[in-house]
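The block underneath contains the structure these notes are about, expressed in structure tokens.
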Amino acid sequence: MNSKNRHSYFSETHQLNYSQTYPNRSLKYPELTNLLQNAAANHTDFAKLGFDDLQQHDQAWVMSRFRIEIEEMPQLNDEIVIDTWVEVLRGSKSIRNFTVTRQGKKLVGASSLWAVFNTKKRRPEALAIDSTSIERYPTLHATKQENAKIDFDHIPFEFLASHRVMLSDLDVVNHVNNIKYFEWCLNYLAVDFVLNRPFKVIEMNFLRELANDTLVTIYRFEESDRIHFKIADESTTYFVARVEY
């Protein structure tokens, strides 16, 4: 992996391997989100606004929303370039964009919303570190639509599966990592569905943090060209998502 900073516009190159791809040779959808999330982390580390820097103030970045628009999924052995940049960084919130390209061709665009989270108080708060060194690109977008709140109140969800949070689901902030929610949803779908219906848009809202050993229910509702997901327990909704194919 090679990384460089071009005036706060950050770039990484990756060679995709067999552990990152499905049996059809396509990059796994959760692995795509993982690569994008890691690029964001690497950029903030480079800019001295990463996890270890924020932990000096008991803070961390957590993702709130993610929209991914897919023109073509990368394949096994592809060399891809991930570019990421900050559109907005103000107070406790930041909008970050991404593109994934192969030999100069755009394959994927993504828009994400992040919040600064106090890891002791377990609540959002304003960034404690000066961020003026990070250049903003308010007019440079990667998607046709920005990340947005998903309205799920009136969707007639149906039971899909139950899942108890385990150690492998947790990350350094000591809660379920963003990638895991979507991974759970896909793992409980039929293999043929995931492999044979190429996803065009993935939208995710991360609503509440989820702790170890919590028992949750995964729900879904399928329409002709999209499927909705919800992860909740008896009192709280933690995650909602929508996939268009």
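Scheme for the structure tokens: letters A, B, ... for chains in order shown; per-chain residue numbers from 1; ligand numbers from 1 in order shown.
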To test your reading of the structure, identify every residue in range 67-203 of chain A that backbone DSSP assigns to alpha helix (DSSP H), and report it as a PyMOL selection string. chain A and resi 178-187+191-196
Would you kindly return, as a list in words, each protein, DNA or RNA residue with an atom no farther than 6 Å from any atom of range 116-131 of chain A, considering only C-alpha atoms and excluding same-chain residues fewer than 6 positions away?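 Once the adjacent positions are removed, what remains is Asp58, Gln59, Ala60, Trp61, Gly91 and Ser92 of chain A.
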Limited to N, CA, C and O atoms, could you put the picked residues into a file as an mmCIF file, in the first residue's frame?
data_model
loop_
_atom_site.group_PDB
_atom_site.id
_atom_site.type_symbol
_atom_site.label_atom_id
_atom_site.label_comp_id
_atom_site.auth_asym_id
_atom_site.auth_seq_id
_atom_site.Cartn_x
_atom_site.Cartn_y
_atom_site.Cartn_z
ATOM 1 N N ASP A 58 -9.694 11.915 25.176
ATOM 2 C CA ASP A 58 -10.766 10.925 25.359
ATOM 3 C C ASP A 58 -11.791 11.001 24.238
ATOM 4 O O ASP A 58 -12.998 10.861 24.457
ATOM 5 N N GLN A 59 -11.305 11.217 23.007
ATOM 6 C CA GLN A 59 -12.193 11.326 21.865
ATOM 7 C C GLN A 59 -11.832 10.320 20.776
ATOM 8 O O GLN A 59 -10.726 9.779 20.742
ATOM 9 N N ALA A 60 -12.785 10.086 19.879
ATOM 10 C CA ALA A 60 -12.570 9.230 18.711
ATOM 11 C C ALA A 60 -13.578 9.628 17.641
ATOM 12 O O ALA A 60 -14.652 10.165 17.947
ATOM 13 N N TRP A 61 -13.236 9.346 16.381
ATOM 14 C CA TRP A 61 -14.182 9.525 15.287
ATOM 15 C C TRP A 61 -15.077 8.292 15.190
ATOM 16 O O TRP A 61 -14.595 7.159 15.240
ATOM 17 N N GLY A 91 -17.200 21.818 14.197
ATOM 18 C CA GLY A 91 -17.727 21.399 15.489
ATOM 19 C C GLY A 91 -17.435 19.930 15.755
ATOM 20 O O GLY A 91 -16.282 19.508 15.798
ATOM 21 N N SER A 92 -18.496 19.144 15.894
ATOM 22 C CA SER A 92 -18.329 17.710 16.164
ATOM 23 C C SER A 92 -18.558 16.850 14.924
ATOM 24 O O SER A 92 -18.466 15.625 15.010
#
Between A:Lys200, A:Lys180, A:His57, A:Lys230, which is the closest to Glu31 in chain A once you count only C-alpha atoms?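 So, comparing all the options, the nearest one is A:Lys180.
Distances here use only C-alpha atoms; by that measure, the residue among A:Leu207, A:Ala148, A:Leu76, A:Leu54 closest to Ile95 in chain A is A:Ala148.
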Spatial neighbours of Lys105 in chain A, max dist 12 Å, only C-alpha atoms, sep filter under 5 positions, as a list in words: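 The residues that qualify are Glu71, Glu72, Met73, Pro74, Glu79, Ile80, Val81, Ile82, Thr99 and Val100 of chain A.
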Write the residues of the selection above to a file with N, CA and C atoms, as an mmCIF file, in the first residue's frame.
data_model
loop_
_atom_site.group_PDB
_atom_site.id
_atom_site.type_symbol
_atom_site.label_atom_id
_atom_site.label_comp_id
_atom_site.auth_asym_id
_atom_site.auth_seq_id
_atom_site.Cartn_x
_atom_site.Cartn_y
_atom_site.Cartn_z
ATOM 1 N N GLU A 71 -20.661 1.706 -9.445
ATOM 2 C CA GLU A 71 -20.766 1.540 -10.892
ATOM 3 C C GLU A 71 -20.261 0.160 -11.317
ATOM 4 N N GLU A 72 -19.230 -0.306 -10.643
ATOM 5 C CA GLU A 72 -18.663 -1.624 -10.917
ATOM 6 C C GLU A 72 -17.856 -2.050 -9.703
ATOM 7 N N MET A 73 -18.023 -3.288 -9.256
ATOM 8 C CA MET A 73 -17.255 -3.743 -8.106
ATOM 9 C C MET A 73 -15.860 -4.193 -8.536
ATOM 10 N N PRO A 74 -14.824 -3.827 -7.791
ATOM 11 C CA PRO A 74 -13.481 -4.332 -8.074
ATOM 12 C C PRO A 74 -13.423 -5.851 -7.959
ATOM 13 N N GLU A 79 -5.725 -3.855 -8.964
ATOM 14 C CA GLU A 79 -5.049 -2.798 -8.218
ATOM 15 C C GLU A 79 -5.963 -1.585 -8.237
ATOM 16 N N ILE A 80 -6.397 -1.178 -7.077
ATOM 17 C CA ILE A 80 -7.339 -0.065 -6.985
ATOM 18 C C ILE A 80 -6.709 1.099 -6.226
ATOM 19 N N VAL A 81 -7.198 2.293 -6.527
ATOM 20 C CA VAL A 81 -6.758 3.496 -5.828
ATOM 21 C C VAL A 81 -7.959 4.072 -5.087
ATOM 22 N N ILE A 82 -7.787 4.308 -3.794
ATOM 23 C CA ILE A 82 -8.817 4.947 -2.973
ATOM 24 C C ILE A 82 -8.368 6.363 -2.679
ATOM 25 N N THR A 99 -13.507 8.046 -3.484
ATOM 26 C CA THR A 99 -13.673 7.380 -4.776
ATOM 27 C C THR A 99 -12.753 6.163 -4.817
ATOM 28 N N VAL A 100 -13.194 5.154 -5.548
ATOM 29 C CA VAL A 100 -12.366 3.979 -5.839
ATOM 30 C C VAL A 100 -12.209 3.907 -7.349
#
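One distance worth recording is that between CA of Arg226 in chain A and CA of Tyr245 in chain A, which is 5.9 Å.
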DSSP strand (DSSP E) residues within range 41-194 of chain A, listed as a PyMOL selection string: chain A and resi 59-70+79-90+93-102+105-118+123-124+158-164
Selection: 10 Å around Tyr22 in chain A, only C-alpha atoms, excl. self and same-chain fewer than 2 positions, as a list in words: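 So, after excluding close chain neighbours, the residues are Tyr18, Ser19, Gln20, Asn24, Arg25, Ser26, Leu27, Lys28, Tyr29, Gln75, Leu76, Val191, Val194 and Leu195 of chain A.
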Please report the interatomic distance between CA of Ala115 in chain A and CA of Lys48 in chain A in Å with one decimal. 16.6 Å
Quote the spacing between CA of Asp225 in chain A and CA of Asn196 in chain A in Å to one decimal place.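 CA of Asn196 in chain A lies 13.3 Å from CA of Asp225 in chain A.
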I'd like the contact shell of Tyr219 in chain A - 12 Å cut-off, only C-alpha atoms, skipping same-chain residues fewer than 3 positions apart - returned as a PyMOL selection string. chain A and resi 152+155-163+181-182+184-186+188-189+216+222+227-233+237-242
File dump, residues just selected, C-alpha atoms, as a short mmCIF file (atom, residue, chain, number, x, y, z; two decimals), in the first residue's frame:
data_model
loop_
_atom_site.label_atom_id
_atom_site.label_comp_id
_atom_site.auth_asym_id
_atom_site.auth_seq_id
_atom_site.Cartn_x
_atom_site.Cartn_y
_atom_site.Cartn_z
CA PHE A 152 -37.65 3.61 8.39
CA ILE A 155 -41.37 0.02 6.73
CA PRO A 156 -43.06 -3.35 7.50
CA PHE A 157 -39.90 -5.17 8.54
CA GLU A 158 -39.87 -8.97 8.93
CA PHE A 159 -37.70 -11.11 11.19
CA LEU A 160 -34.47 -12.30 9.56
CA ALA A 161 -32.25 -13.59 12.38
CA SER A 162 -31.04 -13.06 15.93
CA HIS A 163 -27.43 -12.26 16.73
CA TYR A 181 -23.71 -4.43 11.14
CA PHE A 182 -23.83 -4.74 7.36
CA TRP A 184 -24.41 -9.55 9.75
CA CYS A 185 -27.27 -8.55 7.46
CA LEU A 186 -25.62 -10.06 4.38
CA TYR A 188 -28.19 -14.10 6.90
CA LEU A 189 -29.27 -13.70 3.26
CA VAL A 216 -30.27 -8.08 18.84
CA GLU A 222 -37.58 -6.63 0.32
CA ILE A 227 -33.98 -4.36 0.37
CA HIS A 228 -34.14 -2.66 3.77
CA PHE A 229 -32.47 -3.81 6.99
CA LYS A 230 -32.88 -2.93 10.65
CA ILE A 231 -30.96 -4.11 13.71
CA ALA A 232 -32.71 -3.56 17.03
CA ASP A 233 -33.54 -4.97 20.43
CA THR A 237 -32.81 0.63 17.01
CA TYR A 238 -29.06 0.57 16.40
CA PHE A 239 -28.74 0.39 12.63
CA VAL A 240 -30.79 0.77 9.47
CA ALA A 241 -29.70 0.26 5.88
CA ARG A 242 -31.06 0.24 2.36
#
Using only C-alpha atoms, which residue out of A:His141, A:Val165, A:Gln15, A:Leu49 lies closest to Asn77 in chain A? A:Gln15
Which is closest to Arg67 in chain A among A:Leu210, A:Ile202, A:Leu36, A:Val172, if we use only C-alpha atoms?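 For Arg67 in chain A, the nearest of the given residues is A:Ile202.
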Report as a PDB file with N, CA and C atoms, in the first residue's frame all protein, DNA and RNA residues lying within 12 Å of Gln37 in chain A, evaluated on only C-alpha atoms, omitting residues in the same chain fewer than 2 positions from it.
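Writing the result to result_7.pdb gives the following:
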ATOM      1  N   PRO A  30     -18.827  -5.864   2.538  1.00  0.00           N
ATOM      2  CA  PRO A  30     -18.280  -5.364   3.807  1.00  0.00           C
ATOM      3  C   PRO A  30     -16.795  -5.022   3.706  1.00  0.00           C
ATOM      4  N   GLU A  31     -16.056  -5.748   2.860  1.00  0.00           N
ATOM      5  CA  GLU A  31     -14.632  -5.449   2.694  1.00  0.00           C
ATOM      6  C   GLU A  31     -14.443  -4.100   2.007  1.00  0.00           C
ATOM      7  N   LEU A  32     -15.339  -3.762   1.093  1.00  0.00           N
ATOM      8  CA  LEU A  32     -15.290  -2.439   0.471  1.00  0.00           C
ATOM      9  C   LEU A  32     -15.451  -1.360   1.541  1.00  0.00           C
ATOM     10  N   THR A  33     -16.435  -1.510   2.410  1.00  0.00           N
ATOM     11  CA  THR A  33     -16.630  -0.519   3.471  1.00  0.00           C
ATOM     12  C   THR A  33     -15.425  -0.486   4.409  1.00  0.00           C
ATOM     13  N   ASN A  34     -14.804  -1.644   4.626  1.00  0.00           N
ATOM     14  CA  ASN A  34     -13.616  -1.715   5.478  1.00  0.00           C
ATOM     15  C   ASN A  34     -12.458  -0.937   4.868  1.00  0.00           C
ATOM     16  N   LEU A  35     -12.223  -1.098   3.575  1.00  0.00           N
ATOM     17  CA  LEU A  35     -11.149  -0.382   2.901  1.00  0.00           C
ATOM     18  C   LEU A  35     -11.371   1.128   2.965  1.00  0.00           C
ATOM     19  N   ALA A  39      -9.066   3.850   4.982  1.00  0.00           N
ATOM     20  CA  ALA A  39      -8.470   5.001   4.296  1.00  0.00           C
ATOM     21  C   ALA A  39      -8.749   6.282   5.076  1.00  0.00           C
ATOM     22  N   ALA A  40      -9.971   6.400   5.602  1.00  0.00           N
ATOM     23  CA  ALA A  40     -10.309   7.570   6.424  1.00  0.00           C
ATOM     24  C   ALA A  40      -9.426   7.624   7.662  1.00  0.00           C
ATOM     25  N   ALA A  41      -9.238   6.479   8.304  1.00  0.00           N
ATOM     26  CA  ALA A  41      -8.400   6.432   9.505  1.00  0.00           C
ATOM     27  C   ALA A  41      -6.954   6.783   9.185  1.00  0.00           C
ATOM     28  N   ASN A  42      -6.449   6.281   8.069  1.00  0.00           N
ATOM     29  CA  ASN A  42      -5.071   6.574   7.689  1.00  0.00           C
ATOM     30  C   ASN A  42      -4.881   8.053   7.375  1.00  0.00           C
ATOM     31  N   HIS A  43      -5.888   8.656   6.750  1.00  0.00           N
ATOM     32  CA  HIS A  43      -5.811  10.090   6.464  1.00  0.00           C
ATOM     33  C   HIS A  43      -5.778  10.903   7.751  1.00  0.00           C
ATOM     34  N   THR A  44      -6.654  10.581   8.698  1.00  0.00           N
ATOM     35  CA  THR A  44      -6.667  11.338   9.951  1.00  0.00           C
ATOM     36  C   THR A  44      -5.383  11.110  10.743  1.00  0.00           C
ATOM     37  N   TRP A  61     -13.236   9.346  16.381  1.00  0.00           N
ATOM     38  CA  TRP A  61     -14.182   9.525  15.287  1.00  0.00           C
ATOM     39  C   TRP A  61     -15.077   8.292  15.190  1.00  0.00           C
ATOM     40  N   VAL A  62     -16.374   8.504  15.051  1.00  0.00           N
ATOM     41  CA  VAL A  62     -17.295   7.399  14.790  1.00  0.00           C
ATOM     42  C   VAL A  62     -18.167   7.771  13.595  1.00  0.00           C
ATOM     43  N   MET A  63     -18.470   6.775  12.775  1.00  0.00           N
ATOM     44  CA  MET A  63     -19.281   7.031  11.587  1.00  0.00           C
ATOM     45  C   MET A  63     -20.762   7.027  11.936  1.00  0.00           C
ATOM     46  N   ARG A  65     -23.263   8.053   9.155  1.00  0.00           N
ATOM     47  CA  ARG A  65     -23.976   7.705   7.924  1.00  0.00           C
ATOM     48  C   ARG A  65     -22.970   7.346   6.839  1.00  0.00           C
ATOM     49  N   PHE A  66     -23.418   6.495   5.922  1.00  0.00           N
ATOM     50  CA  PHE A  66     -22.570   6.063   4.819  1.00  0.00           C
ATOM     51  C   PHE A  66     -23.455   5.841   3.598  1.00  0.00           C
ATOM     52  N   ILE A  68     -22.873   4.634  -0.420  1.00  0.00           N
ATOM     53  CA  ILE A  68     -21.926   4.118  -1.395  1.00  0.00           C
ATOM     54  C   ILE A  68     -22.661   3.888  -2.710  1.00  0.00           C
ATOM     55  N   ILE A  82      -7.787   4.308  -3.794  1.00  0.00           N
ATOM     56  CA  ILE A  82      -8.817   4.947  -2.973  1.00  0.00           C
ATOM     57  C   ILE A  82      -8.368   6.363  -2.679  1.00  0.00           C
ATOM     58  N   ASP A  83      -9.171   7.329  -3.093  1.00  0.00           N
ATOM     59  CA  ASP A  83      -8.937   8.733  -2.774  1.00  0.00           C
ATOM     60  C   ASP A  83      -9.984   9.182  -1.768  1.00  0.00           C
ATOM     61  N   THR A  84      -9.576   9.971  -0.782  1.00  0.00           N
ATOM     62  CA  THR A  84     -10.522  10.472   0.203  1.00  0.00           C
ATOM     63  C   THR A  84     -10.177  11.908   0.570  1.00  0.00           C
ATOM     64  N   ARG A  96     -17.028  13.305   4.849  1.00  0.00           N
ATOM     65  CA  ARG A  96     -15.838  12.805   4.136  1.00  0.00           C
ATOM     66  C   ARG A  96     -16.286  12.028   2.908  1.00  0.00           C
ATOM     67  N   ASN A  97     -15.611  12.256   1.787  1.00  0.00           N
ATOM     68  CA  ASN A  97     -15.935  11.591   0.530  1.00  0.00           C
ATOM     69  C   ASN A  97     -14.819  10.643   0.098  1.00  0.00           C
ATOM     70  N   PHE A  98     -15.192   9.702  -0.781  1.00  0.00           N
ATOM     71  CA  PHE A  98     -14.245   8.709  -1.280  1.00  0.00           C
ATOM     72  C   PHE A  98     -14.532   8.407  -2.751  1.00  0.00           C
ATOM     73  N   ALA A 110     -18.378   7.414  -2.640  1.00  0.00           N
ATOM     74  CA  ALA A 110     -19.014   7.292  -1.326  1.00  0.00           C
ATOM     75  C   ALA A 110     -18.998   8.626  -0.591  1.00  0.00           C
ATOM     76  N   SER A 111     -20.045   8.835   0.204  1.00  0.00           N
ATOM     77  CA  SER A 111     -20.166  10.001   1.064  1.00  0.00           C
ATOM     78  C   SER A 111     -20.458   9.519   2.481  1.00  0.00           C
ATOM     79  N   SER A 112     -19.748  10.070   3.469  1.00  0.00           N
ATOM     80  CA  SER A 112     -19.906   9.607   4.850  1.00  0.00           C
ATOM     81  C   SER A 112     -19.994  10.776   5.808  1.00  0.00           C
ATOM     82  N   LEU A 113     -20.717  10.571   6.888  1.00  0.00           N
ATOM     83  CA  LEU A 113     -20.845  11.556   7.957  1.00  0.00           C
ATOM     84  C   LEU A 113     -20.242  10.969   9.225  1.00  0.00           C
ATOM     85  N   TRP A 114     -19.338  11.733   9.851  1.00  0.00           N
ATOM     86  CA  TRP A 114     -18.637  11.293  11.057  1.00  0.00           C
ATOM     87  C   TRP A 114     -18.922  12.251  12.193  1.00  0.00           C
ATOM     88  N   ASN A 177     -18.055  -2.525  15.496  1.00  0.00           N
ATOM     89  CA  ASN A 177     -17.510  -1.755  14.386  1.00  0.00           C
ATOM     90  C   ASN A 177     -18.562  -1.584  13.293  1.00  0.00           C
ATOM     91  N   ASN A 178     -18.509  -0.444  12.608  1.00  0.00           N
ATOM     92  CA  ASN A 178     -19.506  -0.131  11.579  1.00  0.00           C
ATOM     93  C   ASN A 178     -19.685  -1.253  10.565  1.00  0.00           C
ATOM     94  N   ILE A 179     -18.583  -1.847  10.152  1.00  0.00           N
ATOM     95  CA  ILE A 179     -18.625  -2.870   9.107  1.00  0.00           C
ATOM     96  C   ILE A 179     -19.472  -4.061   9.520  1.00  0.00           C
TER      97      ILE A 179
END
Using only C-alpha atoms, which of A:Thr101, A:Val243, A:Ile70, A:Asp192 sits nearest Phe221 in chain A?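 Using only C-alpha atoms, the shortest distance to Phe221 in chain A belongs to A:Val243.
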